[in-house]
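**Q** What follows is the file target24.csv, containing CSV, C-alpha atoms and all ligand atoms:
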chain,number,residue,atom,x,y,z
A,1,MET,CA,-1.9,-9.6,25.2
A,2,MET,CA,0.3,-7.8,22.6
A,3,SER,CA,-0.8,-8.3,19.1
A,4,GLU,CA,1.6,-10.2,16.8
A,5,PHE,CA,1.5,-7.5,14.1
A,6,VAL,CA,0.8,-3.8,14.1
A,7,LEU,CA,-0.3,-1.5,11.4
A,8,ILE,CA,1.4,1.9,12.1
A,9,LYS,CA,2.6,5.0,10.5
A,10,PRO,CA,6.4,4.8,9.7
A,11,SER,CA,8.6,6.7,12.0
A,12,PHE,CA,12.3,7.3,12.8
A,13,GLU,CA,12.2,4.2,15.0
A,14,TYR,CA,12.1,2.1,11.8
A,15,LEU,CA,14.8,3.7,9.6
A,16,GLU,CA,16.8,0.5,9.3
A,17,GLN,CA,13.7,-1.6,8.6
A,18,ILE,CA,12.6,0.8,5.9
A,19,LYS,CA,16.0,0.6,4.3
A,20,ALA,CA,15.8,-3.2,4.4
A,21,TYR,CA,12.3,-3.3,2.9
A,22,ARG,CA,13.5,-1.1,0.0
A,23,GLU,CA,16.5,-3.3,-0.5
A,24,GLU,CA,14.5,-6.4,-0.8
A,25,PHE,CA,12.7,-4.8,-3.7
A,26,ALA,CA,15.9,-3.7,-5.4
A,27,ASN,CA,16.5,-7.4,-6.2
A,28,CYS,CA,13.1,-8.2,-7.4
A,29,LEU,CA,11.1,-7.2,-10.5
A,30,ASP,CA,7.9,-6.3,-8.7
A,31,TRP,CA,6.7,-2.8,-8.3
A,32,LEU,CA,7.1,-1.4,-4.9
A,33,HIS,CA,3.4,-0.6,-4.6
A,34,GLY,CA,1.9,1.1,-1.6
A,35,ALA,CA,5.1,2.9,-0.6
A,36,GLN,CA,4.7,6.4,-2.1
A,37,GLY,CA,7.9,6.5,-4.2
A,38,LEU,CA,10.2,4.8,-1.6
A,39,LYS,CA,12.3,3.5,-4.5
A,40,ARG,CA,13.4,7.1,-5.2
A,41,PHE,CA,14.6,7.7,-1.7
A,42,GLU,CA,17.9,6.3,-0.7
A,43,GLU,CA,17.7,7.8,2.7
A,44,PRO,CA,14.7,6.7,4.7
A,45,GLN,CA,14.5,10.0,6.6
A,46,ASP,CA,14.0,11.8,3.3
A,47,TRP,CA,11.1,9.5,2.6
A,48,LEU,CA,9.6,10.2,6.0
A,49,SER,CA,9.9,14.0,5.3
A,50,TYR,CA,8.2,13.5,2.0
A,51,LEU,CA,5.4,11.5,3.6
A,52,ALA,CA,4.8,14.3,6.1
A,53,LEU,CA,4.3,16.7,3.2
A,54,CYS,CA,1.8,14.3,1.5
A,55,GLU,CA,-0.3,14.0,4.6
A,56,ASN,CA,-1.1,17.6,5.0
A,57,ASP,CA,-3.5,19.5,2.7
A,58,ALA,CA,-1.3,22.6,2.8
A,59,THR,CA,1.9,20.9,1.7
A,60,VAL,CA,0.9,18.0,-0.6
A,61,PRO,CA,3.5,18.3,-3.4
A,62,GLU,CA,2.2,19.2,-6.9
A,63,GLY,CA,1.1,16.2,-8.8
A,64,GLU,CA,0.6,14.1,-5.6
A,65,HIS,CA,-2.5,13.2,-3.7
A,66,LYS,CA,-3.2,13.5,0.0
A,67,TYR,CA,-1.8,10.2,1.2
A,68,SER,CA,-1.2,8.3,4.4
A,69,GLN,CA,1.4,5.6,4.6
A,70,PHE,CA,1.3,2.6,6.9
A,71,ILE,CA,3.9,-0.2,7.6
A,72,TYR,CA,2.9,-3.6,8.8
A,73,VAL,CA,5.3,-4.7,11.5
A,74,ARG,CA,5.8,-8.2,12.9
A,75,MET,CA,6.4,-7.6,16.6
A,76,ALA,CA,8.5,-10.7,17.2
A,77,ASP,CA,11.4,-9.3,15.1
A,78,LYS,CA,10.2,-5.7,14.4
A,79,LYS,CA,10.5,-6.5,10.7
A,80,ILE,CA,8.4,-4.5,8.2
A,81,VAL,CA,6.7,-7.3,6.3
A,82,GLY,CA,4.4,-5.1,4.2
A,83,MET,CA,3.5,-1.6,3.3
A,84,ILE,CA,0.1,-0.2,2.5
A,85,GLY,CA,-0.9,3.4,1.6
A,86,VAL,CA,-4.2,5.2,1.3
A,87,ARG,CA,-4.9,8.0,-1.2
A,88,HIS,CA,-7.6,10.1,0.5
A,89,LYS,CA,-9.3,11.2,-2.7
A,90,PRO,CA,-7.7,10.0,-5.9
A,91,VAL,CA,-8.5,12.4,-8.7
A,92,GLY,CA,-7.8,12.7,-12.4
A,93,PRO,CA,-6.4,9.6,-14.1
A,94,LEU,CA,-5.7,7.8,-10.7
A,95,GLU,CA,-9.4,7.8,-10.1
A,96,THR,CA,-9.7,5.5,-13.0
A,97,TRP,CA,-6.8,3.1,-12.7
A,98,GLY,CA,-5.1,3.8,-9.4
A,99,GLY,CA,-7.7,3.8,-6.7
A,100,HIS,CA,-7.5,4.5,-3.0
A,101,VAL,CA,-5.3,1.7,-1.6
A,102,GLY,CA,-2.0,0.2,-2.8
A,103,TYR,CA,0.2,-2.3,-1.0
A,104,SER,CA,3.2,-4.7,-1.2
A,105,VAL,CA,4.6,-7.5,0.9
A,106,SER,CA,8.3,-8.1,1.3
A,107,PRO,CA,9.4,-10.7,-1.3
A,108,SER,CA,10.7,-13.0,1.4
A,109,GLU,CA,7.4,-12.9,3.4
A,110,ARG,CA,4.8,-13.7,0.8
A,111,MET,CA,2.0,-16.3,0.8
A,112,LYS,CA,1.6,-16.1,4.5
A,113,GLY,CA,-1.6,-14.1,4.4
A,114,TYR,CA,0.0,-10.7,5.2
A,115,ALA,CA,-1.4,-8.8,2.3
A,116,THR,CA,-4.9,-10.0,3.2
A,117,GLN,CA,-4.5,-9.1,6.9
A,118,MET,CA,-3.0,-5.7,6.1
A,119,LEU,CA,-5.8,-4.7,3.8
A,120,HIS,CA,-8.3,-5.8,6.4
A,121,GLU,CA,-6.7,-3.7,9.0
A,122,VAL,CA,-6.4,-0.5,6.9
A,123,LEU,CA,-10.1,-0.5,6.0
A,124,PRO,CA,-11.3,1.1,9.3
A,125,TYR,CA,-8.8,3.9,8.7
A,126,CYS,CA,-10.4,4.5,5.3
A,127,LYS,CA,-13.8,4.6,6.9
A,128,SER,CA,-12.4,7.2,9.4
A,129,LEU,CA,-11.6,9.4,6.4
A,130,GLY,CA,-15.3,9.5,5.6
A,131,LEU,CA,-15.1,7.0,2.7
A,132,ASN,CA,-18.0,4.6,2.3
A,133,ARG,CA,-16.2,2.5,-0.3
A,134,VAL,CA,-12.7,2.2,-1.6
A,135,LEU,CA,-11.4,1.4,-5.1
A,136,LEU,CA,-8.5,-1.0,-5.6
A,137,THR,CA,-7.1,-2.1,-8.9
A,138,ALA,CA,-5.1,-5.2,-10.0
A,139,GLY,CA,-4.3,-7.0,-13.2
A,140,ASP,CA,-5.6,-10.5,-13.6
A,141,GLU,CA,-2.0,-11.7,-13.8
A,142,ASN,CA,-1.5,-10.5,-10.3
A,143,VAL,CA,-3.3,-13.5,-8.7
A,144,GLY,CA,-2.1,-12.7,-5.2
A,145,SER,CA,-3.4,-9.2,-5.3
A,146,VAL,CA,-6.8,-10.1,-6.9
A,147,LYS,CA,-7.3,-12.8,-4.2
A,148,THR,CA,-6.3,-10.3,-1.5
A,149,ILE,CA,-8.9,-7.8,-2.7
A,150,ILE,CA,-11.7,-10.4,-3.1
A,151,ALA,CA,-11.0,-11.9,0.3
A,152,ASN,CA,-11.7,-8.4,1.7
A,153,GLY,CA,-15.0,-8.1,-0.1
A,154,GLY,CA,-13.9,-6.5,-3.3
A,155,ILE,CA,-16.4,-6.6,-6.2
A,156,LEU,CA,-15.1,-6.3,-9.8
A,157,GLU,CA,-16.7,-3.3,-11.6
A,158,SER,CA,-14.8,-3.1,-14.9
A,159,TYR,CA,-11.4,-3.3,-16.6
A,160,VAL,CA,-9.3,-0.3,-17.7
A,161,MET,CA,-5.8,0.2,-19.1
A,162,SER,CA,-3.2,1.3,-16.7
A,163,PRO,CA,-1.0,3.7,-18.6
A,164,LYS,CA,1.7,3.4,-15.9
A,165,HIS,CA,2.0,-0.4,-15.9
A,166,HIS,CA,0.8,-1.1,-19.5
A,167,VAL,CA,-1.6,-3.8,-18.5
A,168,MET,CA,-5.4,-4.0,-18.1
A,169,VAL,CA,-6.4,-3.8,-14.5
A,170,GLY,CA,-9.6,-4.7,-12.8
A,171,ARG,CA,-11.3,-2.0,-10.7
A,172,TYR,CA,-12.7,-3.5,-7.5
A,173,TRP,CA,-14.8,-1.7,-4.9
A,174,ILE,CA,-14.9,-2.7,-1.3
A,175,THR,CA,-17.9,-1.3,0.6
A,176,LEU,CA,-17.0,-0.3,4.1
A,177,PRO,CA,-19.4,-1.4,6.8
A,178,ASP,CA,-20.9,1.3,9.1
A,201,LIG,C1,0.4,-9.1,-4.3
A,201,LIG,C2,1.1,-9.2,-3.0
A,201,LIG,C3,0.9,-8.0,-2.1
A,201,LIG,C4,0.4,-10.5,-2.2
A,201,LIG,O1,1.0,-10.5,-0.9
A,201,LIG,P1,0.9,-11.9,0.0
A,201,LIG,O2,1.2,-11.5,1.4
A,201,LIG,O3,1.7,-12.9,-0.6
A,201,LIG,O4,-0.6,-12.3,-0.2
A,201,LIG,P2,-1.5,-13.3,0.8
A,201,LIG,O5,-0.5,-14.2,1.5
A,201,LIG,O6,-2.4,-12.5,1.6
A,201,LIG,O7,-2.2,-14.1,-0.3
A,201,LIG,C5,-3.6,-13.9,-0.7
A,201,LIG,C6,-4.0,-15.1,-1.6
A,201,LIG,O8,-3.3,-15.0,-2.8
A,201,LIG,C7,-2.5,-16.2,-3.1
A,201,LIG,N1,-1.3,-15.8,-3.7
A,201,LIG,C8,-0.4,-14.8,-3.2
A,201,LIG,N2,0.6,-14.7,-4.1
A,201,LIG,C9,0.4,-15.5,-5.1
A,201,LIG,C10,1.0,-15.8,-6.3
A,201,LIG,N3,2.2,-15.2,-6.7
A,201,LIG,N4,0.5,-16.7,-7.2
A,201,LIG,C11,-0.7,-17.3,-6.9
A,201,LIG,N5,-1.4,-17.1,-5.7
A,201,LIG,C12,-0.9,-16.2,-4.9
A,201,LIG,C13,-2.3,-16.8,-1.7
A,201,LIG,O9,-2.1,-18.1,-1.7
A,201,LIG,C14,-3.7,-16.4,-1.0
A,201,LIG,O10,-4.6,-17.3,-1.6
A,201,LIG,P3,-5.7,-18.0,-0.6
A,201,LIG,O11,-6.5,-16.9,0.0
A,201,LIG,O12,-6.5,-18.9,-1.6
A,201,LIG,O13,-4.9,-18.8,0.4
A,201,LIG,C15,2.6,-9.5,-3.1
A,201,LIG,O14,2.8,-10.5,-4.1
A,201,LIG,C16,3.4,-8.3,-3.7
A,201,LIG,O15,3.8,-7.5,-2.9
A,201,LIG,N6,3.5,-8.1,-5.0
A,201,LIG,C17,4.2,-6.9,-5.5
A,201,LIG,C18,3.4,-5.6,-5.3
A,201,LIG,C19,1.9,-5.7,-5.9
A,201,LIG,O16,1.7,-6.3,-6.9
A,201,LIG,N7,1.0,-5.1,-5.2
A,201,LIG,C20,-0.4,-5.1,-5.5
A,201,LIG,C21,-0.7,-4.0,-6.5
A,201,LIG,S1,-2.2,-4.3,-7.3
Could I get this structure in the form of structure tokens?
**A**
Amino acid sequence: MMSEFVLIKPSFEYLEQIKAYREEFANCLDWLHGAQGLKRFEEPQDWLSYLALCENDATVPEGEHKYSQFIYVRMADKKIVGMIGVRHKPVGPLETWGGHVGYSVSPSERMKGYATQMLHEVLPYCKSLGLNRVLLTAGDENVGSVKTIIANGGILESYVMSPKHHVMVGRYWITLPD
């Protein structure tokens, strides 16, 4: 039986849906987390080219981290309901306040459990990178994100200031099972 949702890498097949996802965030104040700068790219194909660079050790742009992007697609209508990205090895300041995994859910598709499902589904990929635990960060005011992390086994370690978002964020570790 075909699954109702798939977590896949974005491709040319989804150009329209990527555009639509980006547009939903244009009318909303939330950060477009877990989408590797999609906000900057008016043309989805330019974003795909950028992602390809980020995925390869030899071509990661300066100041970026090796990164893999996923989209969460609802098969019934092929809509991208969420995006989630993995930094393979956050270094420097991001090691403190950024962490390995970031995500967002389309503003019109929230409170349906999608963030929780998506994070659950990306963890085996993190394990395949050789990680034994992953770091995620979220501010206490972001109740949906904190609950998503805790539902996936996240344990709060400490709070740090996020210089990018100007809020204190909790650092949560999820241990990946063998
Ligand atoms: C945070 C975010 C990803 C949550 O997505 P979502 O698909 O709505 O989350 P889920 O449906 O899986 O909800 C998880 C839990 O949080 C709760 N929740 C979600 N949004 C909430 C909100 N705004 N206020 C209070 N509770 C909320 C849900 O009810 C659910 O609780 P439960 O497990 O007790 O039923 C989404 O709001 C978003 O994209 N925000 C902008 C980007 C962002 O902040 N990303 C995270 C960076 S740290």
**Q** Would you pick out the contacts of Glu64 of chain A at 10 Å or less, using all atoms listed in the file, so that residues sharing its chain but fewer than 2 positions from it are not included, and give the list as number ranges by chain?
**A** A: 36, 53-54, 60-62, 66-67, 87, 90-91
**Q** Using all atoms listed in the file, can you tell me which of A:Glu141, A:Leu129, A:Asn27, A:Arg22 comes closest to Phe41 of chain A?
**A** A:Arg22
**Q** Report, in Å to a single decimal, how far apart atom CA of Val86 of chain A and atom CA of Ser106 of chain A are.
**A**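 The value is 18.3 Å.
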**Q** Using only C-alpha atoms and all ligand atoms, find each protein or nucleic acid residue lying at most 8 Å from ligand LIG 201 (chain A); present the set as a short mmCIF file (atom, residue, chain, number, x, y, z; two decimals) with C-alpha atoms, keeping the file's coordinate frame.
**A**
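Writing done, so here's part_31.cif:
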data_model
loop_
_atom_site.label_atom_id
_atom_site.label_comp_id
_atom_site.auth_asym_id
_atom_site.auth_seq_id
_atom_site.Cartn_x
_atom_site.Cartn_y
_atom_site.Cartn_z
CA ASP A 30 7.90 -6.30 -8.70
CA TRP A 31 6.70 -2.80 -8.30
CA LEU A 32 7.10 -1.40 -4.90
CA HIS A 33 3.40 -0.60 -4.60
CA GLY A 34 1.90 1.10 -1.60
CA GLY A 82 4.40 -5.10 4.20
CA GLY A 102 -2.00 0.20 -2.80
CA TYR A 103 0.20 -2.30 -1.00
CA SER A 104 3.20 -4.70 -1.20
CA VAL A 105 4.60 -7.50 0.90
CA SER A 106 8.30 -8.10 1.30
CA PRO A 107 9.40 -10.70 -1.30
CA GLU A 109 7.40 -12.90 3.40
CA ARG A 110 4.80 -13.70 0.80
CA MET A 111 2.00 -16.30 0.80
CA LYS A 112 1.60 -16.10 4.50
CA GLY A 113 -1.60 -14.10 4.40
CA TYR A 114 0.00 -10.70 5.20
CA ALA A 115 -1.40 -8.80 2.30
CA THR A 116 -4.90 -10.00 3.20
CA GLN A 117 -4.50 -9.10 6.90
CA LEU A 136 -8.50 -1.00 -5.60
CA THR A 137 -7.10 -2.10 -8.90
CA ALA A 138 -5.10 -5.20 -10.00
CA GLY A 139 -4.30 -7.00 -13.20
CA ASN A 142 -1.50 -10.50 -10.30
CA VAL A 143 -3.30 -13.50 -8.70
CA GLY A 144 -2.10 -12.70 -5.20
CA SER A 145 -3.40 -9.20 -5.30
CA VAL A 146 -6.80 -10.10 -6.90
CA LYS A 147 -7.30 -12.80 -4.20
CA THR A 148 -6.30 -10.30 -1.50
CA ALA A 151 -11.00 -11.90 0.30
#
**Q** For Leu156 of chain A, please output as number ranges by chain all residues within 7 Å (counting all atoms listed in the file; exclusion window: fewer than 4 positions along the same chain).
**A** A: 170-173
**Q** Which value, in Å to one decimal, gives the distance between atom CA of Ser108 of chain A and atom CA of Glu24 of chain A?
**A** 7.9 Å
**Q** Give me the residues within 10 Å of Tyr14 of chain A as a ChimeraX atom specification, counting only C-alpha atoms and dropping any in the same chain fewer than 6 places off.
**A** /A:20,44-45,71,73,78-80
**Q** Kindly export the residues of the current selection with C-alpha atoms, as a PDB file, in the coordinates of the input.
**A**
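Listing of out04.pdb after writing:
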ATOM      1  CA  ALA A  20      15.800  -3.200   4.400  1.00  0.00           C
ATOM      2  CA  PRO A  44      14.700   6.700   4.700  1.00  0.00           C
ATOM      3  CA  GLN A  45      14.500  10.000   6.600  1.00  0.00           C
ATOM      4  CA  ILE A  71       3.900  -0.200   7.600  1.00  0.00           C
ATOM      5  CA  VAL A  73       5.300  -4.700  11.500  1.00  0.00           C
ATOM      6  CA  LYS A  78      10.200  -5.700  14.400  1.00  0.00           C
ATOM      7  CA  LYS A  79      10.500  -6.500  10.700  1.00  0.00           C
ATOM      8  CA  ILE A  80       8.400  -4.500   8.200  1.00  0.00           C
TER       9      ILE A  80
END
**Q** Can you tell me how far atom CA of Lys39 of chain A sits from atom CA of Val160 of chain A, in Å to one decimal?
**A**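 Taking atom CA of Lys39 of chain A and atom CA of Val160 of chain A, their separation equals 25.6 Å.
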**Q** From the options A:Glu157, A:Glu43, A:Asp178, A:Glu121, which residue's atoms come nearest to Ile8 of chain A, counting all atoms listed in the file?
**A**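 Using all atoms listed in the file, Ile8 of chain A sits closest to A:Glu121.
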**Q** Between A:Asn132, A:Asn152, A:Thr96, A:Ser162, single out the one closest to His120 of chain A, counting only C-alpha atoms.
**A**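 Ranked by minimum distance to His120 of chain A, first place goes to A:Asn152.
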**Q** Under the rule that all atoms listed in the file are counted, which of A:Leu176, A:Met161, A:Ser49, A:Lys19 is the nearest residue to Gly130 of chain A?
**A**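 Counting all atoms listed in the file, the residue closest to Gly130 of chain A is A:Leu176.
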**Q** Please determine, counting only C-alpha atoms, which residue among A:Leu7, A:Ile155, A:Cys28, A:Ile149 has the shortest atom-to-atom distance to Gln69 of chain A.
**A** A:Leu7
**Q** Choose the residue, out of A:Glu16, A:Gly98, A:Lys89, A:Ser68, that has the smallest atom-to-atom separation from Asn56 of chain A; count only C-alpha atoms.
**A**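 Comparing A:Glu16, A:Gly98, A:Lys89, A:Ser68 against Asn56 of chain A, the winner is A:Ser68.
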**Q** Could I get segment 14-46 of chain A rebuilt with N, CA and C atoms, written as a JSON list (two decimals), in the frame of the given file?
**A**
[["chain", "number", "residue", "atom", "x", "y", "z"],
["A", 14, "TYR", "N", 12.00, 3.24, 12.78],
["A", 14, "TYR", "CA", 12.10, 2.10, 11.80],
["A", 14, "TYR", "C", 12.97, 2.41, 10.62],
["A", 15, "LEU", "N", 13.92, 3.34, 10.77],
["A", 15, "LEU", "CA", 14.80, 3.70, 9.60],
["A", 15, "LEU", "C", 15.47, 2.49, 9.01],
["A", 16, "GLU", "N", 16.05, 1.65, 9.86],
["A", 16, "GLU", "CA", 16.80, 0.50, 9.30],
["A", 16, "GLU", "C", 15.85, -0.48, 8.62],
["A", 17, "GLN", "N", 14.68, -0.65, 9.21],
["A", 17, "GLN", "CA", 13.70, -1.60, 8.60],
["A", 17, "GLN", "C", 13.18, -1.06, 7.27],
["A", 18, "ILE", "N", 13.04, 0.25, 7.18],
["A", 18, "ILE", "CA", 12.60, 0.80, 5.90],
["A", 18, "ILE", "C", 13.60, 0.59, 4.83],
["A", 19, "LYS", "N", 14.84, 0.80, 5.21],
["A", 19, "LYS", "CA", 16.00, 0.60, 4.30],
["A", 19, "LYS", "C", 15.97, -0.90, 3.81],
["A", 20, "ALA", "N", 15.80, -1.79, 4.75],
["A", 20, "ALA", "CA", 15.80, -3.20, 4.40],
["A", 20, "ALA", "C", 14.66, -3.58, 3.50],
["A", 21, "TYR", "N", 13.51, -2.99, 3.75],
["A", 21, "TYR", "CA", 12.30, -3.30, 2.90],
["A", 21, "TYR", "C", 12.63, -2.82, 1.46],
["A", 22, "ARG", "N", 13.15, -1.61, 1.36],
["A", 22, "ARG", "CA", 13.50, -1.10, 0.00],
["A", 22, "ARG", "C", 14.50, -1.96, -0.66],
["A", 23, "GLU", "N", 15.49, -2.42, 0.08],
["A", 23, "GLU", "CA", 16.50, -3.30, -0.50],
["A", 23, "GLU", "C", 16.01, -4.57, -1.03],
["A", 24, "GLU", "N", 15.04, -5.14, -0.31],
["A", 24, "GLU", "CA", 14.50, -6.40, -0.80],
["A", 24, "GLU", "C", 13.86, -6.23, -2.18],
["A", 25, "PHE", "N", 13.31, -5.05, -2.44],
["A", 25, "PHE", "CA", 12.70, -4.80, -3.70],
["A", 25, "PHE", "C", 13.68, -4.47, -4.83],
["A", 26, "ALA", "N", 14.88, -4.05, -4.41],
["A", 26, "ALA", "CA", 15.90, -3.70, -5.40],
["A", 26, "ALA", "C", 16.29, -4.97, -6.19],
["A", 27, "ASN", "N", 16.15, -6.13, -5.57],
["A", 27, "ASN", "CA", 16.50, -7.40, -6.20],
["A", 27, "ASN", "C", 15.36, -8.15, -6.76],
["A", 28, "CYS", "N", 14.28, -7.45, -6.98],
["A", 28, "CYS", "CA", 13.10, -8.20, -7.40],
["A", 28, "CYS", "C", 12.38, -7.29, -8.46],
["A", 29, "LEU", "N", 11.71, -7.93, -9.40],
["A", 29, "LEU", "CA", 11.10, -7.20, -10.50],
["A", 29, "LEU", "C", 9.81, -6.50, -10.18],
["A", 30, "ASP", "N", 9.23, -6.88, -9.06],
["A", 30, "ASP", "CA", 7.90, -6.30, -8.70],
["A", 30, "ASP", "C", 7.94, -4.86, -8.43],
["A", 31, "TRP", "N", 6.84, -4.21, -8.70],
["A", 31, "TRP", "CA", 6.70, -2.80, -8.30],
["A", 31, "TRP", "C", 6.61, -2.71, -6.82],
["A", 32, "LEU", "N", 7.19, -1.62, -6.31],
["A", 32, "LEU", "CA", 7.10, -1.40, -4.90],
["A", 32, "LEU", "C", 5.81, -0.59, -4.61],
["A", 33, "HIS", "N", 4.72, -1.30, -4.71],
["A", 33, "HIS", "CA", 3.40, -0.60, -4.60],
["A", 33, "HIS", "C", 3.15, -0.23, -3.12],
["A", 34, "GLY", "N", 2.33, 0.78, -2.97],
["A", 34, "GLY", "CA", 1.90, 1.10, -1.60],
["A", 34, "GLY", "C", 2.96, 1.72, -0.76],
["A", 35, "ALA", "N", 3.95, 2.36, -1.38],
["A", 35, "ALA", "CA", 5.10, 2.90, -0.60],
["A", 35, "ALA", "C", 5.47, 4.29, -1.03],
["A", 36, "GLN", "N", 4.58, 4.96, -1.70],
["A", 36, "GLN", "CA", 4.70, 6.40, -2.10],
["A", 36, "GLN", "C", 6.15, 6.74, -2.49],
["A", 37, "GLY", "N", 6.60, 6.10, -3.56],
["A", 37, "GLY", "CA", 7.90, 6.50, -4.20],
["A", 37, "GLY", "C", 9.12, 6.12, -3.34],
["A", 38, "LEU", "N", 9.00, 5.20, -2.41],
["A", 38, "LEU", "CA", 10.20, 4.80, -1.60],
["A", 38, "LEU", "C", 11.39, 4.48, -2.41],
["A", 39, "LYS", "N", 11.14, 3.89, -3.58],
["A", 39, "LYS", "CA", 12.30, 3.50, -4.50],
["A", 39, "LYS", "C", 13.18, 4.70, -4.77],
["A", 40, "ARG", "N", 12.58, 5.87, -4.85],
["A", 40, "ARG", "CA", 13.40, 7.10, -5.20],
["A", 40, "ARG", "C", 14.23, 7.58, -4.03],
["A", 41, "PHE", "N", 13.94, 7.13, -2.82],
["A", 41, "PHE", "CA", 14.60, 7.70, -1.70],
["A", 41, "PHE", "C", 15.63, 6.77, -1.06],
["A", 42, "GLU", "N", 16.89, 7.12, -1.28],
["A", 42, "GLU", "CA", 17.90, 6.30, -0.70],
["A", 42, "GLU", "C", 17.99, 6.40, 0.80],
["A", 43, "GLU", "N", 17.67, 7.60, 1.29],
["A", 43, "GLU", "CA", 17.70, 7.80, 2.70],
["A", 43, "GLU", "C", 16.29, 7.76, 3.30],
["A", 44, "PRO", "N", 16.06, 6.81, 4.19],
["A", 44, "PRO", "CA", 14.70, 6.70, 4.70],
["A", 44, "PRO", "C", 14.16, 7.94, 5.38],
["A", 45, "GLN", "N", 15.05, 8.73, 5.99],
["A", 45, "GLN", "CA", 14.50, 10.00, 6.60],
["A", 45, "GLN", "C", 13.98, 10.94, 5.61],
["A", 46, "ASP", "N", 14.55, 10.93, 4.38],
["A", 46, "ASP", "CA", 14.00, 11.80, 3.30],
["A", 46, "ASP", "C", 12.62, 11.35, 2.91]]
